[in-house]
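Everything below belongs to input-v4.csv, which stores CSV, C-alpha atoms.
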```
chain,number,residue,atom,x,y,z
X,1,MET,CA,0.0,0.0,0.0
X,2,PHE,CA,2.7,2.5,1.0
X,3,SER,CA,6.1,2.8,-0.7
X,4,SER,CA,8.9,1.0,1.1
X,5,HIS,CA,11.0,4.2,1.5
X,6,SER,CA,8.3,6.4,3.1
X,7,ARG,CA,6.0,6.2,6.1
X,8,PRO,CA,2.3,6.5,5.7
X,9,PRO,CA,1.2,10.1,5.8
X,10,ARG,CA,-0.7,11.2,8.9
X,11,TYR,CA,-3.9,12.9,8.1
X,12,SER,CA,-5.1,15.6,10.4
X,13,ALA,CA,-6.5,19.1,10.2
X,14,PHE,CA,-3.1,20.6,11.1
X,15,ASN,CA,-1.3,18.6,8.4
X,16,LEU,CA,-4.0,19.6,5.9
X,17,LEU,CA,-3.6,23.3,6.7
X,18,ARG,CA,0.2,23.1,6.7
X,19,HIS,CA,0.3,21.4,3.3
X,20,ALA,CA,-2.3,23.9,1.9
X,21,LEU,CA,-0.1,26.8,3.0
X,22,THR,CA,3.1,25.3,1.5
X,23,GLY,CA,1.7,24.5,-1.9
X,24,ASN,CA,1.4,20.7,-1.2
X,25,ARG,CA,5.0,20.1,-2.1
X,26,HIS,CA,5.8,17.8,0.9
X,27,TRP,CA,2.8,15.5,0.9
X,28,SER,CA,4.1,11.9,0.4
X,29,ARG,CA,2.2,9.5,-1.9
X,30,ALA,CA,-0.4,7.5,-0.1
X,31,TRP,CA,-0.4,4.6,-2.6
X,32,ARG,CA,2.4,3.1,-4.6
X,33,ASN,CA,2.2,1.7,-8.2
X,34,ALA,CA,2.6,-2.0,-7.4
X,35,LYS,CA,4.3,-4.3,-9.9
X,36,PRO,CA,2.6,-7.7,-10.2
X,37,LYS,CA,4.1,-10.5,-8.1
X,38,ASP,CA,4.7,-14.1,-9.2
X,39,GLY,CA,1.7,-15.4,-7.3
X,40,TYR,CA,-1.1,-14.4,-4.8
X,41,ASP,CA,-3.1,-16.2,-2.2
X,42,PHE,CA,-6.2,-14.2,-3.2
X,43,ILE,CA,-7.1,-12.3,-6.3
X,44,ILE,CA,-10.1,-10.0,-6.0
X,45,ILE,CA,-11.7,-8.7,-9.1
X,46,GLY,CA,-13.1,-5.2,-8.6
X,47,GLY,CA,-11.6,-2.4,-6.5
X,48,GLY,CA,-14.9,-0.8,-5.4
X,49,GLY,CA,-16.3,-0.9,-1.9
X,50,HIS,CA,-17.0,-4.6,-1.8
X,51,GLY,CA,-13.6,-5.6,-3.3
X,52,LEU,CA,-11.6,-3.3,-1.0
X,53,ALA,CA,-13.6,-4.5,2.0
X,54,THR,CA,-12.9,-8.1,1.2
X,55,ALA,CA,-9.2,-7.5,0.8
X,56,TYR,CA,-9.0,-5.5,4.0
X,57,TYR,CA,-10.8,-8.1,6.1
X,58,LEU,CA,-8.8,-11.0,4.6
X,59,ALA,CA,-5.7,-9.2,5.7
X,60,LYS,CA,-7.0,-8.0,9.1
X,61,HIS,CA,-8.8,-11.0,10.3
X,62,HIS,CA,-7.1,-13.9,8.5
X,63,GLY,CA,-3.5,-12.6,8.2
X,64,ALA,CA,-3.5,-12.8,4.4
X,65,LYS,CA,-0.5,-11.0,3.0
X,66,ARG,CA,-0.5,-11.8,-0.7
X,67,ILE,CA,-3.7,-10.2,-2.0
X,68,ALA,CA,-4.2,-8.6,-5.4
X,69,VAL,CA,-7.0,-6.2,-6.1
X,70,VAL,CA,-7.6,-5.9,-9.9
X,71,GLU,CA,-9.6,-2.9,-11.0
X,72,LYS,CA,-10.1,-1.7,-14.6
X,73,GLY,CA,-10.9,1.9,-13.5
X,74,TRP,CA,-9.8,3.6,-10.4
X,75,ILE,CA,-9.6,2.2,-6.8
X,76,GLY,CA,-12.8,3.0,-5.0
X,77,GLY,CA,-14.6,3.8,-8.2
X,78,GLY,CA,-17.8,2.3,-9.4
X,79,ASN,CA,-21.0,2.8,-7.4
X,80,THR,CA,-18.9,3.6,-4.3
X,81,GLY,CA,-17.1,6.4,-6.0
X,82,ARG,CA,-20.0,7.8,-8.1
X,83,ASN,CA,-22.7,7.8,-5.6
X,84,THR,CA,-23.2,8.1,-1.9
X,85,THR,CA,-22.9,4.6,-0.5
X,86,ILE,CA,-25.6,3.8,1.9
X,87,VAL,CA,-24.9,1.3,4.6
X,88,ARG,CA,-28.2,0.7,6.4
X,89,SER,CA,-30.0,-1.9,8.4
X,90,ASP,CA,-33.6,-1.2,7.4
X,91,TYR,CA,-34.4,-4.6,6.1
X,92,LEU,CA,-37.3,-6.9,6.8
X,93,LEU,CA,-35.4,-10.2,7.1
X,94,GLU,CA,-33.5,-10.7,10.4
X,95,GLU,CA,-30.4,-12.1,8.6
X,96,ASN,CA,-30.1,-9.0,6.4
X,97,SER,CA,-30.7,-6.6,9.3
X,98,GLY,CA,-27.9,-8.2,11.4
X,99,LEU,CA,-25.4,-8.2,8.6
X,100,TYR,CA,-26.0,-4.5,7.7
X,101,GLU,CA,-26.2,-3.3,11.3
X,102,CYS,CA,-22.7,-4.9,11.8
X,103,SER,CA,-21.5,-3.3,8.6
X,104,LEU,CA,-22.7,0.1,9.9
X,105,GLN,CA,-20.8,-0.4,13.1
X,106,LEU,CA,-17.6,-1.3,11.2
X,107,TRP,CA,-17.9,1.9,9.1
X,108,GLU,CA,-18.1,4.1,12.2
X,109,GLN,CA,-14.4,3.3,13.1
X,110,LEU,CA,-12.9,2.7,9.7
X,111,SER,CA,-11.4,6.2,9.1
X,112,ASP,CA,-9.5,6.0,12.4
X,113,GLU,CA,-8.5,2.4,11.8
X,114,LEU,CA,-7.1,3.1,8.3
X,115,ASN,CA,-5.8,6.6,9.0
X,116,PHE,CA,-7.6,7.6,5.8
X,117,ASN,CA,-10.8,9.7,5.5
X,118,VAL,CA,-13.4,7.3,4.1
X,119,MET,CA,-15.9,10.2,4.2
X,120,PHE,CA,-18.3,8.3,6.4
X,121,SER,CA,-21.1,10.6,7.5
X,122,GLN,CA,-23.9,9.0,9.5
X,123,ARG,CA,-27.4,10.0,8.4
X,124,GLY,CA,-30.8,8.5,8.7
X,125,THR,CA,-33.3,7.4,6.1
X,126,VAL,CA,-36.9,8.2,5.7
X,127,LEU,CA,-39.1,5.7,3.8
X,128,LEU,CA,-42.2,7.5,2.4
X,129,ALA,CA,-45.6,5.9,1.9
X,130,HIS,CA,-47.9,7.4,-0.7
X,131,ASN,CA,-51.0,5.3,0.1
X,132,GLU,CA,-52.4,3.2,2.9
X,133,ALA,CA,-51.0,-0.1,1.5
X,134,GLN,CA,-47.5,1.3,1.4
X,135,LEU,CA,-48.0,2.8,4.9
X,136,ALA,CA,-48.8,-0.7,6.2
X,137,GLY,CA,-45.7,-2.1,4.4
X,138,VAL,CA,-43.3,0.5,5.9
X,139,ALA,CA,-45.0,0.1,9.3
X,140,GLN,CA,-44.3,-3.7,9.1
X,141,LEU,CA,-40.6,-2.9,8.2
X,142,GLY,CA,-40.3,-0.4,11.1
X,143,ASN,CA,-41.8,-2.9,13.6
X,144,ALA,CA,-39.3,-5.6,12.4
X,145,MET,CA,-36.4,-3.2,12.8
X,146,ARG,CA,-37.6,-2.2,16.3
X,147,LEU,CA,-37.9,-5.8,17.4
X,148,ARG,CA,-34.2,-6.2,16.5
X,149,GLY,CA,-33.1,-3.1,18.4
X,150,ILE,CA,-32.7,-0.9,15.4
X,151,ASP,CA,-34.0,2.7,15.8
X,152,ALA,CA,-37.2,3.2,13.7
X,153,GLU,CA,-40.3,5.2,14.1
X,154,LEU,CA,-43.6,5.4,12.2
X,155,LEU,CA,-44.4,9.0,11.4
X,156,SER,CA,-47.7,10.5,10.3
X,157,ARG,CA,-47.8,13.1,7.5
X,158,GLU,CA,-47.8,15.9,10.1
X,159,GLU,CA,-44.8,14.4,11.9
X,160,LEU,CA,-43.0,14.1,8.6
X,161,ARG,CA,-43.7,17.7,7.8
X,162,GLU,CA,-42.1,18.7,11.1
X,163,PHE,CA,-39.2,16.3,10.8
X,164,VAL,CA,-38.3,17.1,7.2
X,165,PRO,CA,-39.5,20.7,6.6
X,166,VAL,CA,-38.4,20.8,2.9
X,167,LEU,CA,-40.6,17.8,2.1
X,168,ASP,CA,-43.8,18.8,0.3
X,169,CYS,CA,-46.5,17.0,2.3
X,170,SER,CA,-49.4,18.8,0.7
X,171,SER,CA,-52.1,16.9,-1.1
X,172,ALA,CA,-51.4,18.9,-4.3
X,173,THR,CA,-48.3,16.9,-5.2
X,174,ARG,CA,-48.2,14.2,-7.8
X,175,TRP,CA,-47.5,11.5,-5.1
X,176,PRO,CA,-49.0,12.8,-1.9
X,177,VAL,CA,-47.3,11.5,1.3
X,178,VAL,CA,-49.5,9.8,3.9
X,179,GLY,CA,-46.7,8.8,6.3
X,180,GLY,CA,-43.4,7.0,6.5
X,181,VAL,CA,-40.8,5.4,8.7
X,182,ALA,CA,-37.7,7.2,9.9
X,183,ALA,CA,-34.7,5.0,10.6
X,184,ALA,CA,-31.2,5.6,11.8
X,185,SER,CA,-28.7,4.5,14.4
X,186,ARG,CA,-29.1,6.7,17.4
X,187,TRP,CA,-32.1,8.5,16.0
X,188,HIS,CA,-34.6,9.4,18.7
X,189,GLY,CA,-37.6,10.8,16.8
X,190,PRO,CA,-38.8,14.3,16.0
X,191,ALA,CA,-37.8,17.1,18.4
```
Let me see the structure of the file written as structure tokens.
Amino acid sequence: MFSSHSRPPRYSAFNLLRHALTGNRHWSRAWRNAKPKDGYDFIIIGGGGHGLATAYYLAKHHGAKRIAVVEKGWIGGGNTGRNTTIVRSDYLLEENSGLYECSLQLWEQLSDELNFNVMFSQRGTVLLAHNEAQLAGVAQLGNAMRLRGIDAELLSREELREFVPVLDCSSATRWPVVGGVAAASRWHGPA
């Protein structure tokens, strides 16, 4: 990952300011251009979020040292680089909820663990319902999440209007909102 003749750069607000003021002349490269080795224990096709996570956890938890990540574009590209990656636990099936809740907890510490800003920013999600059948469906999902200890709350149209002031909750919209479920780790409902 890092060139053999340099130490990994330390990322901090102070270093960012110092390098900004000096014209960024002394910032060492974070990544080296690796030459292929004669063999690998693992070859991962795709250097997006899933491929990089697989390589990282093979190295961290299984001691793997000879891992190649092959990417046709740029590392971290693909959906992870183009869009905001959403790691969430608002799933109906218990197995999915547990997997994604664990993933969310891993993301919370990843920038510190890697000494690299993975730009993790914890936000909530609001699932909107536009008719009574959809409202019953999101209520079922919210109840399943709450049974597993995941923060979720069913909100009426009026509560949504208060919670998300920019959301048009009027009946004049093309898809009028009748309610929804707000979900997020450590979210405790409308103020």
*asked:* Between CA of Ile45 (chain X) and CA of Ala68 (chain X), what is the distance in Å, rounded to a tenth?
replied: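 Value for the CA of Ile45 (chain X)-CA of Ala68 (chain X) distance: 8.4 Å.
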*Separation of CA of Asn96 (chain X) from CA of Met145 (chain X), in Å and rounded to one decimal*: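 So the two atoms, CA of Asn96 (chain X) and CA of Met145 (chain X), lie 10.7 Å apart.
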*So how many Å separate CA of Val70 (chain X) and CA of Asp41 (chain X), to one decimal?*
13.6 Å
*Spatial neighbours of Phe120 (chain X), max dist 9 Å, all atoms listed in the file, sep filter under 5 positions, as an NGL selection string*: :X and (107-108 or 110-111)
*So which one's closest to Ala13 (chain X), X:Asn117, X:Gly73, X:Gly39, X:Ser103? Using all atoms listed in the file, please.*
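For Ala13 (chain X), the nearest of the candidates is X:Asn117.
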*asked:* Using all atoms listed in the file for the distances, tell me which of X:Phe116, X:Arg157, X:Leu92, X:Leu141 is nearest to Ser170 (chain X).
replied: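 Going through X:Phe116, X:Arg157, X:Leu92, X:Leu141 one by one, the smallest distance to Ser170 (chain X) is for X:Arg157.
Distances here use only C-alpha atoms; by that measure, the residue among X:Leu99, X:Ala136, X:Ala144, X:Leu128 closest to Val177 (chain X) is X:Leu128.
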*Restricting the calculation to all atoms listed in the file, which member of X:Tyr40, X:Ile75, X:Ala34, X:Arg148 is positioned closest to Ala53 (chain X)?*
X:Ile75
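Minimum distance to Ala133 (chain X) across X:Gln109, X:Gly180, X:Arg161, X:Gly98 (counting only C-alpha atoms) occurs at X:Gly180.
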_Non-local contacts of Glu71 (chain X) (10 Å; only C-alpha atoms; under 6 positions in same chain excluded) as a PyMOL selection string_ = chain X and resi 44-48+51+77-78
*Between X:Phe42, X:Ser12, X:Leu154, X:Val138, which has the minimum distance to Tyr91 (chain X) (counting all atoms listed in the file)?*
X:Val138
Is there a way to complete region 97-120 of chain X with N, CA, C and O atoms and then write that out as a PDB file, in the frame of the given file?
```pdb
ATOM      1  N   SER X  97     -30.808  -7.647   8.353  1.00  0.00           N
ATOM      2  CA  SER X  97     -30.700  -6.600   9.300  1.00  0.00           C
ATOM      3  C   SER X  97     -29.411  -6.732  10.156  1.00  0.00           C
ATOM      4  O   SER X  97     -28.671  -5.773  10.378  1.00  0.00           O
ATOM      5  N   GLY X  98     -29.143  -7.936  10.615  1.00  0.00           N
ATOM      6  CA  GLY X  98     -27.900  -8.200  11.400  1.00  0.00           C
ATOM      7  C   GLY X  98     -26.666  -7.914  10.649  1.00  0.00           C
ATOM      8  O   GLY X  98     -25.724  -7.297  11.156  1.00  0.00           O
ATOM      9  N   LEU X  99     -26.622  -8.361   9.410  1.00  0.00           N
ATOM     10  CA  LEU X  99     -25.400  -8.200   8.600  1.00  0.00           C
ATOM     11  C   LEU X  99     -25.175  -6.678   8.349  1.00  0.00           C
ATOM     12  O   LEU X  99     -24.062  -6.196   8.520  1.00  0.00           O
ATOM     13  N   TYR X 100     -26.207  -5.932   7.991  1.00  0.00           N
ATOM     14  CA  TYR X 100     -26.000  -4.500   7.700  1.00  0.00           C
ATOM     15  C   TYR X 100     -25.820  -3.674   8.927  1.00  0.00           C
ATOM     16  O   TYR X 100     -25.115  -2.674   8.884  1.00  0.00           O
ATOM     17  N   GLU X 101     -26.404  -4.043  10.038  1.00  0.00           N
ATOM     18  CA  GLU X 101     -26.200  -3.300  11.300  1.00  0.00           C
ATOM     19  C   GLU X 101     -24.698  -3.490  11.697  1.00  0.00           C
ATOM     20  O   GLU X 101     -24.035  -2.540  12.113  1.00  0.00           O
ATOM     21  N   CYS X 102     -24.158  -4.697  11.534  1.00  0.00           N
ATOM     22  CA  CYS X 102     -22.700  -4.900  11.800  1.00  0.00           C
ATOM     23  C   CYS X 102     -21.876  -4.120  10.850  1.00  0.00           C
ATOM     24  O   CYS X 102     -20.880  -3.516  11.269  1.00  0.00           O
ATOM     25  N   SER X 103     -22.240  -4.051   9.578  1.00  0.00           N
ATOM     26  CA  SER X 103     -21.500  -3.300   8.600  1.00  0.00           C
ATOM     27  C   SER X 103     -21.480  -1.783   9.000  1.00  0.00           C
ATOM     28  O   SER X 103     -20.449  -1.116   8.916  1.00  0.00           O
ATOM     29  N   LEU X 104     -22.608  -1.282   9.450  1.00  0.00           N
ATOM     30  CA  LEU X 104     -22.700   0.100   9.900  1.00  0.00           C
ATOM     31  C   LEU X 104     -21.735   0.367  11.045  1.00  0.00           C
ATOM     32  O   LEU X 104     -21.017   1.371  11.068  1.00  0.00           O
ATOM     33  N   GLN X 105     -21.700  -0.535  12.011  1.00  0.00           N
ATOM     34  CA  GLN X 105     -20.800  -0.400  13.100  1.00  0.00           C
ATOM     35  C   GLN X 105     -19.334  -0.410  12.720  1.00  0.00           C
ATOM     36  O   GLN X 105     -18.501   0.315  13.275  1.00  0.00           O
ATOM     37  N   LEU X 106     -18.992  -1.229  11.726  1.00  0.00           N
ATOM     38  CA  LEU X 106     -17.600  -1.300  11.200  1.00  0.00           C
ATOM     39  C   LEU X 106     -17.242   0.045  10.540  1.00  0.00           C
ATOM     40  O   LEU X 106     -16.132   0.551  10.715  1.00  0.00           O
ATOM     41  N   TRP X 107     -18.157   0.631   9.779  1.00  0.00           N
ATOM     42  CA  TRP X 107     -17.900   1.900   9.100  1.00  0.00           C
ATOM     43  C   TRP X 107     -17.610   3.010  10.085  1.00  0.00           C
ATOM     44  O   TRP X 107     -16.833   3.929   9.790  1.00  0.00           O
ATOM     45  N   GLU X 108     -18.238   2.973  11.251  1.00  0.00           N
ATOM     46  CA  GLU X 108     -18.100   4.100  12.200  1.00  0.00           C
ATOM     47  C   GLU X 108     -16.630   4.269  12.638  1.00  0.00           C
ATOM     48  O   GLU X 108     -16.239   5.392  12.950  1.00  0.00           O
ATOM     49  N   GLN X 109     -15.823   3.229  12.658  1.00  0.00           N
ATOM     50  CA  GLN X 109     -14.400   3.300  13.100  1.00  0.00           C
ATOM     51  C   GLN X 109     -13.416   3.230  11.977  1.00  0.00           C
ATOM     52  O   GLN X 109     -12.213   3.321  12.222  1.00  0.00           O
ATOM     53  N   LEU X 110     -13.850   3.060  10.749  1.00  0.00           N
ATOM     54  CA  LEU X 110     -12.900   2.700   9.700  1.00  0.00           C
ATOM     55  C   LEU X 110     -11.941   3.862   9.340  1.00  0.00           C
ATOM     56  O   LEU X 110     -10.768   3.588   9.087  1.00  0.00           O
ATOM     57  N   SER X 111     -12.350   5.128   9.374  1.00  0.00           N
ATOM     58  CA  SER X 111     -11.400   6.200   9.100  1.00  0.00           C
ATOM     59  C   SER X 111     -10.249   6.221  10.078  1.00  0.00           C
ATOM     60  O   SER X 111      -9.090   6.375   9.698  1.00  0.00           O
ATOM     61  N   ASP X 112     -10.551   6.048  11.370  1.00  0.00           N
ATOM     62  CA  ASP X 112      -9.500   6.000  12.400  1.00  0.00           C
ATOM     63  C   ASP X 112      -8.611   4.777  12.206  1.00  0.00           C
ATOM     64  O   ASP X 112      -7.391   4.855  12.321  1.00  0.00           O
ATOM     65  N   GLU X 113      -9.231   3.663  11.921  1.00  0.00           N
ATOM     66  CA  GLU X 113      -8.500   2.400  11.800  1.00  0.00           C
ATOM     67  C   GLU X 113      -7.526   2.440  10.598  1.00  0.00           C
ATOM     68  O   GLU X 113      -6.416   1.933  10.672  1.00  0.00           O
ATOM     69  N   LEU X 114      -7.944   3.063   9.492  1.00  0.00           N
ATOM     70  CA  LEU X 114      -7.100   3.100   8.300  1.00  0.00           C
ATOM     71  C   LEU X 114      -6.234   4.353   8.211  1.00  0.00           C
ATOM     72  O   LEU X 114      -5.371   4.436   7.345  1.00  0.00           O
ATOM     73  N   ASN X 115      -6.461   5.336   9.098  1.00  0.00           N
ATOM     74  CA  ASN X 115      -5.800   6.600   9.000  1.00  0.00           C
ATOM     75  C   ASN X 115      -6.050   7.212   7.590  1.00  0.00           C
ATOM     76  O   ASN X 115      -5.159   7.697   6.907  1.00  0.00           O
ATOM     77  N   PHE X 116      -7.272   7.118   7.144  1.00  0.00           N
ATOM     78  CA  PHE X 116      -7.600   7.600   5.800  1.00  0.00           C
ATOM     79  C   PHE X 116      -9.122   7.998   5.893  1.00  0.00           C
ATOM     80  O   PHE X 116      -9.954   7.214   6.368  1.00  0.00           O
ATOM     81  N   ASN X 117      -9.447   9.190   5.428  1.00  0.00           N
ATOM     82  CA  ASN X 117     -10.800   9.700   5.500  1.00  0.00           C
ATOM     83  C   ASN X 117     -11.686   8.908   4.477  1.00  0.00           C
ATOM     84  O   ASN X 117     -11.595   9.149   3.275  1.00  0.00           O
ATOM     85  N   VAL X 118     -12.504   7.989   4.952  1.00  0.00           N
ATOM     86  CA  VAL X 118     -13.400   7.300   4.100  1.00  0.00           C
ATOM     87  C   VAL X 118     -14.701   8.041   3.838  1.00  0.00           C
ATOM     88  O   VAL X 118     -15.619   7.567   3.193  1.00  0.00           O
ATOM     89  N   MET X 119     -14.739   9.250   4.385  1.00  0.00           N
ATOM     90  CA  MET X 119     -15.900  10.200   4.200  1.00  0.00           C
ATOM     91  C   MET X 119     -17.176   9.595   4.708  1.00  0.00           C
ATOM     92  O   MET X 119     -18.230   9.810   4.120  1.00  0.00           O
ATOM     93  N   PHE X 120     -17.096   8.861   5.808  1.00  0.00           N
ATOM     94  CA  PHE X 120     -18.300   8.300   6.400  1.00  0.00           C
ATOM     95  C   PHE X 120     -19.048   9.412   7.131  1.00  0.00           C
ATOM     96  O   PHE X 120     -18.475  10.160   7.919  1.00  0.00           O
TER      97      PHE X 120
END
```
